[in-house]
Amino acid sequence: MLDCAIIGGGPAGLTAGLYTTRGGLKNVVMFEMGMPGGQITQSSEIENYPGFYQHGKTGMDFMETWQEQCFAFGLKHEMKKVERVSKEKEHFVVTLEDGNSIEAKTVIVGTGSTPKRTGIKGEDEFWGRGVSTCATCDGFFYKDKEVAVLGGGDTALEEAHYLSNICSKVYLIHRRDSFRASPTTVDRIKNIDNIEIITNTIIEEIEGDMMGVTGVRLKNIKTDEKSNLKVPGLFIFVGHNVNNSVLKDEGGNFICDMSDWGQVVVDLSMRTSIKGLYATGDMRIEAPKQVVSAAGDGAVAALQVISYLQEES
Ligand code: FAD
Ligand code: NAP
């Protein structure tokens, strides 16, 4: 039986692996369905992780040393997709997609979340090259420049507000004329001078060149009027899918407490409502969705696992 099964090999899972193994646990396996590294490996540049400030280094470069470090202390990686986690009496059963299962005394889940895509022409081509889903990560690259934001929910409006402090102008593009975001947030946004709200409008195409995005082609769906917006950056906030399916039982019910938005409810020690089960990184409530916070969560959960196993033995 494993001391700890870690599910997901992004910043949260890798850090949990480092702290559990370096903290003396011998039998720790990280189930990561792809290469370890997580979402940040899609990023063309990262400059907000303290201590790592190298112009031009990609997210892939950044994560490479994380795996080396973790594996050096004994973390094992199984490149397998986890189907589900269940608790049976005092231990957990981790069921893999290939039908095999493995028992574990504790489980740390860090399967992340996936920003929804729109399917707009040019979105895939310019993803990470002017198309972003993270204002905290990429807003600074557009300091004193004009950018566009797509979406009408709380996230789009809050991120537009954040960008308005960095960028010279923010065009907020929404497909309807009423917003899904809370009325107080909408009122706040309407009073910010450098945010221009463009409603009843869709983006038909994201345009660009070798260097990245150069603009967006817009269409007003009420009037059919078309226009162009010259911007070097487009931030898309049309919702997130939390990768929480491993926490559903065979009947489709969650095994631990979840928020209305599908995030795992945890306390400050990353404990879920099930003893011995921890959730970390982008998938937990109130997640700042940053590498540094995901790594912090992984460390916190790992230290809790070590204490928990000591208490139980
Ligand atoms: P993830 O990184 O999402 O890792 C989860 C892992 O779990 C994935 O590798 C996935 O393959 C695996 N997994 C999922 N389900 C299963 C399963 N069933 N079985 C096995 N494995 C599974 N943050 C910053 O701090 N600074 C930045 O500059 C920055 N830029 C970004 C740029 C881009 C393009 C993107 C997409 C994100 C960026 N972020 C940035 C956000 C940052 O990447 C995330 O906050 C962080 O990676 C979250 O870490 P995590 O470990 O919680 O989840
Ligand atoms: P959301 O509420 O689902 O809003 C998504 C927005 O994107 C909607 O305005 C939607 O338009 C638009 N959209 C969806 N698909 C699109 C497409 N293909 N093209 C163009 N626009 C598209 O998502 P969210 O803003 O990420 O919020 C998720 C949940 O978290 C919500 O419940 C929200 O209240 C909550 N949240 C709360 C806070 C807070 O309380 N401070 C902060 C952030 C998020 P339509 O409106 O036309 O459908």
# chains A, B, ... in the order shown; residues from 1 in each chain; ligands from 1

call {"tool": "residues_near_ligand", "arguments": {"ligand": "ligand 1", "cutoff": "7 Å", "atoms": "only C-alpha atoms and all ligand atoms", "output": "PyMOL selection string"}}
result
chain A and resi 7-13+31-40+42-43+45-49+80-83+110-114+128+132-134+137-138+243+246+280-283+289-292+294

call {"tool": "closest_atom_pairs", "arguments": {"of": "chain A", "to": "ligand 2", "cutoff": "10 Å", "atoms": "only C-alpha atoms and all ligand atoms", "output": "JSON lines"}}
result
{"residue": "A:Pro115", "atom": "CA", "partner": "ligand 2", "partner_atom_place_in_ligand_line": "26 (O)", "distance": 8.5}
{"residue": "A:Lys116", "atom": "CA", "partner": "ligand 2", "partner_atom_place_in_ligand_line": "15 (N)", "distance": 7.7}
{"residue": "A:Arg117", "atom": "CA", "partner": "ligand 2", "partner_atom_place_in_ligand_line": "18 (N)", "distance": 6.9}
{"residue": "A:Thr118", "atom": "CA", "partner": "ligand 2", "partner_atom_place_in_ligand_line": "18 (N)", "distance": 4.0}
{"residue": "A:Gly119", "atom": "CA", "partner": "ligand 2", "partner_atom_place_in_ligand_line": "18 (N)", "distance": 6.9}
{"residue": "A:Ile120", "atom": "CA", "partner": "ligand 2", "partner_atom_place_in_ligand_line": "18 (N)", "distance": 7.6}
{"residue": "A:Leu150", "atom": "CA", "partner": "ligand 2", "partner_atom_place_in_ligand_line": "21 (N)", "distance": 6.3}
{"residue": "A:Gly151", "atom": "CA", "partner": "ligand 2", "partner_atom_place_in_ligand_line": "7 (O)", "distance": 4.0}
{"residue": "A:Gly152", "atom": "CA", "partner": "ligand 2", "partner_atom_place_in_ligand_line": "9 (O)", "distance": 3.2}
{"residue": "A:Gly153", "atom": "CA", "partner": "ligand 2", "partner_atom_place_in_ligand_line": "25 (O)", "distance": 3.5}
{"residue": "A:Asp154", "atom": "CA", "partner": "ligand 2", "partner_atom_place_in_ligand_line": "25 (O)", "distance": 4.1}
{"residue": "A:Thr155", "atom": "CA", "partner": "ligand 2", "partner_atom_place_in_ligand_line": "25 (O)", "distance": 3.8}
{"residue": "A:Ala156", "atom": "CA", "partner": "ligand 2", "partner_atom_place_in_ligand_line": "25 (O)", "distance": 5.6}
{"residue": "A:Leu157", "atom": "CA", "partner": "ligand 2", "partner_atom_place_in_ligand_line": "25 (O)", "distance": 7.7}
{"residue": "A:Glu158", "atom": "CA", "partner": "ligand 2", "partner_atom_place_in_ligand_line": "42 (C)", "distance": 6.8}
{"residue": "A:Glu159", "atom": "CA", "partner": "ligand 2", "partner_atom_place_in_ligand_line": "43 (C)", "distance": 8.8}
{"residue": "A:Ile173", "atom": "CA", "partner": "ligand 2", "partner_atom_place_in_ligand_line": "20 (C)", "distance": 8.3}
{"residue": "A:His174", "atom": "CA", "partner": "ligand 2", "partner_atom_place_in_ligand_line": "21 (N)", "distance": 6.2}
{"residue": "A:Arg175", "atom": "CA", "partner": "ligand 2", "partner_atom_place_in_ligand_line": "47 (O)", "distance": 5.7}
{"residue": "A:Arg176", "atom": "CA", "partner": "ligand 2", "partner_atom_place_in_ligand_line": "47 (O)", "distance": 5.5}
{"residue": "A:Asp177", "atom": "CA", "partner": "ligand 2", "partner_atom_place_in_ligand_line": "47 (O)", "distance": 8.6}
{"residue": "A:Ser178", "atom": "CA", "partner": "ligand 2", "partner_atom_place_in_ligand_line": "46 (O)", "distance": 7.5}
{"residue": "A:Phe179", "atom": "CA", "partner": "ligand 2", "partner_atom_place_in_ligand_line": "46 (O)", "distance": 5.8}
{"residue": "A:Arg180", "atom": "CA", "partner": "ligand 2", "partner_atom_place_in_ligand_line": "46 (O)", "distance": 4.8}
{"residue": "A:Ala181", "atom": "CA", "partner": "ligand 2", "partner_atom_place_in_ligand_line": "34 (O)", "distance": 6.1}
{"residue": "A:Ser182", "atom": "CA", "partner": "ligand 2", "partner_atom_place_in_ligand_line": "34 (O)", "distance": 7.1}
{"residue": "A:Thr185", "atom": "CA", "partner": "ligand 2", "partner_atom_place_in_ligand_line": "41 (N)", "distance": 8.4}
{"residue": "A:Asn200", "atom": "CA", "partner": "ligand 2", "partner_atom_place_in_ligand_line": "47 (O)", "distance": 9.2}
{"residue": "A:Thr201", "atom": "CA", "partner": "ligand 2", "partner_atom_place_in_ligand_line": "20 (C)", "distance": 8.7}
{"residue": "A:Ile202", "atom": "CA", "partner": "ligand 2", "partner_atom_place_in_ligand_line": "20 (C)", "distance": 6.5}
{"residue": "A:Ile203", "atom": "CA", "partner": "ligand 2", "partner_atom_place_in_ligand_line": "20 (C)", "distance": 7.7}
{"residue": "A:Glu204", "atom": "CA", "partner": "ligand 2", "partner_atom_place_in_ligand_line": "19 (N)", "distance": 9.8}
{"residue": "A:Ile236", "atom": "CA", "partner": "ligand 2", "partner_atom_place_in_ligand_line": "21 (N)", "distance": 8.3}
{"residue": "A:Phe237", "atom": "CA", "partner": "ligand 2", "partner_atom_place_in_ligand_line": "7 (O)", "distance": 6.0}
{"residue": "A:Val238", "atom": "CA", "partner": "ligand 2", "partner_atom_place_in_ligand_line": "7 (O)", "distance": 3.4}
{"residue": "A:Gly239", "atom": "CA", "partner": "ligand 2", "partner_atom_place_in_ligand_line": "26 (O)", "distance": 3.6}
{"residue": "A:His240", "atom": "CA", "partner": "ligand 2", "partner_atom_place_in_ligand_line": "26 (O)", "distance": 5.7}
{"residue": "A:Asn241", "atom": "CA", "partner": "ligand 2", "partner_atom_place_in_ligand_line": "26 (O)", "distance": 9.1}
{"residue": "A:Ser259", "atom": "CA", "partner": "ligand 2", "partner_atom_place_in_ligand_line": "30 (O)", "distance": 9.9}
{"residue": "A:Asp260", "atom": "CA", "partner": "ligand 2", "partner_atom_place_in_ligand_line": "32 (O)", "distance": 7.6}
{"residue": "A:Trp261", "atom": "CA", "partner": "ligand 2", "partner_atom_place_in_ligand_line": "29 (C)", "distance": 5.8}
{"residue": "A:Gly262", "atom": "CA", "partner": "ligand 2", "partner_atom_place_in_ligand_line": "29 (C)", "distance": 9.2}
{"residue": "A:Gln263", "atom": "CA", "partner": "ligand 2", "partner_atom_place_in_ligand_line": "30 (O)", "distance": 9.8}
{"residue": "A:Glu286", "atom": "CA", "partner": "ligand 2", "partner_atom_place_in_ligand_line": "42 (C)", "distance": 9.1}

call {"tool": "select_by_dssp", "arguments": {"residues": "range 46-165 of chain A", "states": "strand (DSSP E)", "output": "ChimeraX atom specification"}}
result
/A:76-78,82-88,91-96,101-109,113-115,131-132,146-150

call {"tool": "write_last_selection", "arguments": {"atoms": "N, CA, C and O atoms", "output": "compact mmCIF listing (two decimals), in the first residue's frame"}}
result
# COMPACT_ATOMS: atom_id res chain seq x y z
N LYS A 76 8.12 8.60 -7.42
CA LYS A 76 7.95 7.79 -8.63
C LYS A 76 6.81 8.37 -9.47
O LYS A 76 5.81 8.84 -8.91
N HIS A 77 6.99 8.32 -10.78
CA HIS A 77 5.95 8.82 -11.68
C HIS A 77 5.35 7.66 -12.47
O HIS A 77 6.07 6.92 -13.11
N GLU A 78 4.05 7.51 -12.39
CA GLU A 78 3.34 6.55 -13.26
C GLU A 78 2.58 7.38 -14.28
O GLU A 78 1.71 8.18 -13.91
N VAL A 82 -5.85 8.71 -13.92
CA VAL A 82 -6.67 8.20 -12.82
C VAL A 82 -8.14 8.38 -13.17
O VAL A 82 -8.56 9.44 -13.64
N GLU A 83 -8.88 7.32 -12.96
CA GLU A 83 -10.33 7.37 -13.23
C GLU A 83 -11.07 7.94 -12.01
O GLU A 83 -11.85 8.86 -12.12
N ARG A 84 -10.77 7.33 -10.85
CA ARG A 84 -11.45 7.81 -9.64
C ARG A 84 -10.70 7.43 -8.38
O ARG A 84 -9.87 6.52 -8.39
N VAL A 85 -11.04 8.17 -7.30
CA VAL A 85 -10.50 7.87 -5.97
C VAL A 85 -11.69 7.51 -5.09
O VAL A 85 -12.71 8.20 -5.12
N SER A 86 -11.56 6.43 -4.34
CA SER A 86 -12.65 6.11 -3.40
C SER A 86 -12.05 5.76 -2.05
O SER A 86 -10.87 5.40 -1.97
N LYS A 87 -12.84 5.91 -1.01
CA LYS A 87 -12.33 5.56 0.32
C LYS A 87 -13.03 4.29 0.77
O LYS A 87 -14.26 4.19 0.73
N GLU A 88 -12.22 3.32 1.18
CA GLU A 88 -12.80 2.06 1.66
C GLU A 88 -12.25 1.82 3.06
O GLU A 88 -11.05 1.62 3.21
N HIS A 91 -8.57 3.19 4.20
CA HIS A 91 -7.63 3.54 3.14
C HIS A 91 -8.35 3.92 1.84
O HIS A 91 -9.58 3.78 1.74
N PHE A 92 -7.55 4.40 0.91
CA PHE A 92 -8.11 4.84 -0.38
C PHE A 92 -7.80 3.84 -1.48
O PHE A 92 -6.79 3.13 -1.42
N VAL A 93 -8.68 3.80 -2.47
CA VAL A 93 -8.41 3.00 -3.67
C VAL A 93 -8.35 3.99 -4.85
O VAL A 93 -9.28 4.77 -5.06
N VAL A 94 -7.22 3.95 -5.56
CA VAL A 94 -7.06 4.80 -6.73
C VAL A 94 -7.27 3.92 -7.95
O VAL A 94 -6.49 2.99 -8.20
N THR A 95 -8.35 4.17 -8.69
CA THR A 95 -8.64 3.34 -9.86
C THR A 95 -8.12 4.04 -11.11
O THR A 95 -8.40 5.23 -11.33
N LEU A 96 -7.35 3.30 -11.89
CA LEU A 96 -6.74 3.88 -13.09
C LEU A 96 -7.62 3.64 -14.31
O LEU A 96 -8.46 2.72 -14.31
N SER A 101 -6.02 -0.97 -10.13
CA SER A 101 -6.20 -0.07 -8.99
C SER A 101 -5.06 -0.26 -8.00
O SER A 101 -4.38 -1.30 -8.02
N ILE A 102 -4.88 0.73 -7.15
CA ILE A 102 -3.80 0.69 -6.17
C ILE A 102 -4.32 1.30 -4.87
O ILE A 102 -5.12 2.24 -4.91
N GLU A 103 -3.86 0.74 -3.75
CA GLU A 103 -4.34 1.25 -2.46
C GLU A 103 -3.34 2.27 -1.91
O GLU A 103 -2.14 2.16 -2.13
N ALA A 104 -3.88 3.23 -1.17
CA ALA A 104 -3.01 4.27 -0.60
C ALA A 104 -3.58 4.71 0.75
O ALA A 104 -4.80 4.74 0.94
N LYS A 105 -2.65 5.04 1.67
CA LYS A 105 -3.11 5.51 3.00
C LYS A 105 -3.64 6.93 2.92
O LYS A 105 -4.52 7.33 3.67
N THR A 106 -3.03 7.74 2.03
CA THR A 106 -3.47 9.13 1.85
C THR A 106 -3.45 9.48 0.36
O THR A 106 -2.75 8.83 -0.42
N VAL A 107 -4.19 10.51 0.01
CA VAL A 107 -4.22 10.95 -1.40
C VAL A 107 -4.15 12.48 -1.45
O VAL A 107 -4.86 13.17 -0.70
N ILE A 108 -3.28 12.98 -2.30
CA ILE A 108 -3.24 14.43 -2.59
C ILE A 108 -3.66 14.60 -4.05
O ILE A 108 -3.02 14.06 -4.95
N VAL A 109 -4.73 15.35 -4.26
CA VAL A 109 -5.21 15.57 -5.63
C VAL A 109 -4.81 16.97 -6.09
O VAL A 109 -5.01 17.95 -5.35
N SER A 113 -7.21 22.90 -13.40
CA SER A 113 -8.45 23.31 -14.08
C SER A 113 -8.07 23.72 -15.50
O SER A 113 -6.92 24.04 -15.77
N THR A 114 -9.05 23.71 -16.35
CA THR A 114 -8.77 23.99 -17.77
C THR A 114 -9.64 25.15 -18.22
O THR A 114 -10.88 25.05 -18.17
N PRO A 115 -9.02 26.27 -18.67
CA PRO A 115 -9.84 27.37 -19.17
C PRO A 115 -10.61 26.92 -20.40
O PRO A 115 -10.07 26.22 -21.25
N VAL A 131 -2.88 35.48 -27.12
CA VAL A 131 -4.16 35.04 -26.54
C VAL A 131 -3.84 34.43 -25.18
O VAL A 131 -3.02 33.52 -25.08
N SER A 132 -4.47 34.97 -24.15
CA SER A 132 -4.17 34.53 -22.79
C SER A 132 -5.46 34.29 -22.01
O SER A 132 -6.51 34.83 -22.35
N GLU A 146 -2.88 48.73 -25.32
CA GLU A 146 -4.32 48.45 -25.33
C GLU A 146 -4.54 46.95 -25.47
O GLU A 146 -3.83 46.28 -26.24
N VAL A 147 -5.52 46.42 -24.74
CA VAL A 147 -5.83 44.99 -24.85
C VAL A 147 -7.34 44.81 -24.93
O VAL A 147 -8.11 45.71 -24.60
N ALA A 148 -7.75 43.61 -25.36
CA ALA A 148 -9.17 43.27 -25.37
C ALA A 148 -9.42 42.12 -24.41
O ALA A 148 -8.55 41.28 -24.20
N VAL A 149 -10.61 42.14 -23.80
CA VAL A 149 -11.03 41.07 -22.89
C VAL A 149 -12.34 40.53 -23.42
O VAL A 149 -13.23 41.31 -23.79
N LEU A 150 -12.50 39.23 -23.46
CA LEU A 150 -13.74 38.62 -23.94
C LEU A 150 -14.45 37.92 -22.78
O LEU A 150 -13.84 37.12 -22.06

call {"tool": "residues_around", "arguments": {"residues": "His161 in chain A", "least_positions_apart": "3", "cutoff": "9 Å", "atoms": "only C-alpha atoms", "output": "NGL selection string"}}
result
:A and (156-158 or 164-165 or 170 or 188-189 or 192 or 195)

call {"tool": "select_by_dssp", "arguments": {"residues": "range 32-279 of chain A", "states": "alpha helix (DSSP H)", "output": "PyMOL selection string"}}
result
chain A and resi 59-72+135-138+154-164+183-190

call {"tool": "residues_around", "arguments": {"residues": "Met210 in chain A", "least_positions_apart": "2", "cutoff": "12 Å", "atoms": "only C-alpha atoms", "output": "ChimeraX atom specification"}}
result
/A:125-126,129-130,207-208,212-214

call {"tool": "closest_residue", "arguments": {"among": "A:Cys167, A:Ala160, A:Cys256, A:Val216", "to": "Asp144 in chain A", "atoms": "only C-alpha atoms"}}
result
A:Cys167

call {"tool": "atom_distance", "arguments": {"atom1": "CA of Leu18 in chain A", "atom2": "CA of Cys70 in chain A"}}
result
4.8 Å

call {"tool": "closest_residue", "arguments": {"among": "A:Gly74, A:Gly17, A:Gln304, A:Ser44", "to": "Phe62 in chain A", "atoms": "only C-alpha atoms"}}
result
A:Ser44

call {"tool": "closest_residue", "arguments": {"among": "A:Lys275, A:Arg217, A:Arg22, A:Lys143", "to": "Lys89 in chain A", "atoms": "only C-alpha atoms"}}
result
A:Lys275

call {"tool": "closest_residue", "arguments": {"among": "A:Gly59, A:Gly215, A:Pro183, A:Gly122", "to": "Tyr171 in chain A", "atoms": "only C-alpha atoms"}}
result
A:Gly215

call {"tool": "closest_residue", "arguments": {"among": "A:Gly56, A:Glu205, A:Leu277, A:Asn244", "to": "Lys226 in chain A", "atoms": "only C-alpha atoms"}}
result
A:Glu205

call {"tool": "atom_distance", "arguments": {"atom1": "CA of Asp193 in chain A", "atom2": "CA of Lys169 in chain A"}}
result
8.6 Å

call {"tool": "decode", "arguments": {"residues": "range 100-118 of chain A", "atoms": "N, CA, C and O atoms", "output": "JSON list (two decimals), in the first residue's frame"}}
result
[["chain", "number", "residue", "atom", "x", "y", "z"],
["A", 100, "ASN", "N", -6.75, -1.06, -13.69],
["A", 100, "ASN", "CA", -6.00, -1.46, -12.49],
["A", 100, "ASN", "C", -6.29, -0.50, -11.35],
["A", 100, "ASN", "O", -6.73, 0.63, -11.57],
["A", 101, "SER", "N", -6.02, -0.97, -10.13],
["A", 101, "SER", "CA", -6.20, -0.07, -8.99],
["A", 101, "SER", "C", -5.06, -0.26, -8.00],
["A", 101, "SER", "O", -4.38, -1.30, -8.02],
["A", 102, "ILE", "N", -4.88, 0.73, -7.15],
["A", 102, "ILE", "CA", -3.80, 0.69, -6.17],
["A", 102, "ILE", "C", -4.32, 1.30, -4.87],
["A", 102, "ILE", "O", -5.12, 2.24, -4.91],
["A", 103, "GLU", "N", -3.86, 0.74, -3.75],
["A", 103, "GLU", "CA", -4.34, 1.25, -2.46],
["A", 103, "GLU", "C", -3.34, 2.27, -1.91],
["A", 103, "GLU", "O", -2.14, 2.16, -2.13],
["A", 104, "ALA", "N", -3.88, 3.23, -1.17],
["A", 104, "ALA", "CA", -3.01, 4.27, -0.60],
["A", 104, "ALA", "C", -3.58, 4.71, 0.75],
["A", 104, "ALA", "O", -4.80, 4.74, 0.94],
["A", 105, "LYS", "N", -2.65, 5.04, 1.67],
["A", 105, "LYS", "CA", -3.11, 5.51, 3.00],
["A", 105, "LYS", "C", -3.64, 6.93, 2.92],
["A", 105, "LYS", "O", -4.52, 7.33, 3.67],
["A", 106, "THR", "N", -3.03, 7.74, 2.03],
["A", 106, "THR", "CA", -3.47, 9.13, 1.85],
["A", 106, "THR", "C", -3.45, 9.48, 0.36],
["A", 106, "THR", "O", -2.75, 8.83, -0.42],
["A", 107, "VAL", "N", -4.19, 10.51, 0.01],
["A", 107, "VAL", "CA", -4.22, 10.95, -1.40],
["A", 107, "VAL", "C", -4.15, 12.48, -1.45],
["A", 107, "VAL", "O", -4.86, 13.17, -0.70],
["A", 108, "ILE", "N", -3.28, 12.98, -2.30],
["A", 108, "ILE", "CA", -3.24, 14.43, -2.59],
["A", 108, "ILE", "C", -3.66, 14.60, -4.05],
["A", 108, "ILE", "O", -3.02, 14.06, -4.95],
["A", 109, "VAL", "N", -4.73, 15.35, -4.26],
["A", 109, "VAL", "CA", -5.21, 15.57, -5.63],
["A", 109, "VAL", "C", -4.81, 16.97, -6.09],
["A", 109, "VAL", "O", -5.01, 17.95, -5.35],
["A", 110, "GLY", "N", -4.26, 17.05, -7.29],
["A", 110, "GLY", "CA", -3.88, 18.35, -7.87],
["A", 110, "GLY", "C", -4.05, 18.29, -9.38],
["A", 110, "GLY", "O", -3.08, 18.42, -10.12],
["A", 111, "THR", "N", -5.29, 18.06, -9.80],
["A", 111, "THR", "CA", -5.53, 17.83, -11.23],
["A", 111, "THR", "C", -5.83, 19.12, -12.00],
["A", 111, "THR", "O", -6.13, 19.08, -13.20],
["A", 112, "GLY", "N", -5.78, 20.26, -11.32],
["A", 112, "GLY", "CA", -5.85, 21.54, -12.01],
["A", 112, "GLY", "C", -7.22, 21.89, -12.57],
["A", 112, "GLY", "O", -8.24, 21.30, -12.24],
["A", 113, "SER", "N", -7.21, 22.90, -13.40],
["A", 113, "SER", "CA", -8.45, 23.31, -14.08],
["A", 113, "SER", "C", -8.07, 23.72, -15.50],
["A", 113, "SER", "O", -6.92, 24.04, -15.77],
["A", 114, "THR", "N", -9.05, 23.71, -16.35],
["A", 114, "THR", "CA", -8.77, 23.99, -17.77],
["A", 114, "THR", "C", -9.64, 25.15, -18.22],
["A", 114, "THR", "O", -10.88, 25.05, -18.17],
["A", 115, "PRO", "N", -9.02, 26.27, -18.67],
["A", 115, "PRO", "CA", -9.84, 27.37, -19.17],
["A", 115, "PRO", "C", -10.61, 26.92, -20.40],
["A", 115, "PRO", "O", -10.07, 26.22, -21.25],
["A", 116, "LYS", "N", -11.89, 27.33, -20.46],
["A", 116, "LYS", "CA", -12.68, 26.94, -21.64],
["A", 116, "LYS", "C", -12.20, 27.72, -22.86],
["A", 116, "LYS", "O", -11.79, 28.88, -22.74],
["A", 117, "ARG", "N", -12.27, 27.09, -24.01],
["A", 117, "ARG", "CA", -11.90, 27.77, -25.25],
["A", 117, "ARG", "C", -13.17, 28.13, -26.02],
["A", 117, "ARG", "O", -14.23, 27.55, -25.79],
["A", 118, "THR", "N", -13.03, 29.07, -26.94],
["A", 118, "THR", "CA", -14.21, 29.55, -27.66],
["A", 118, "THR", "C", -14.36, 28.94, -29.04],
["A", 118, "THR", "O", -15.45, 28.94, -29.60]]
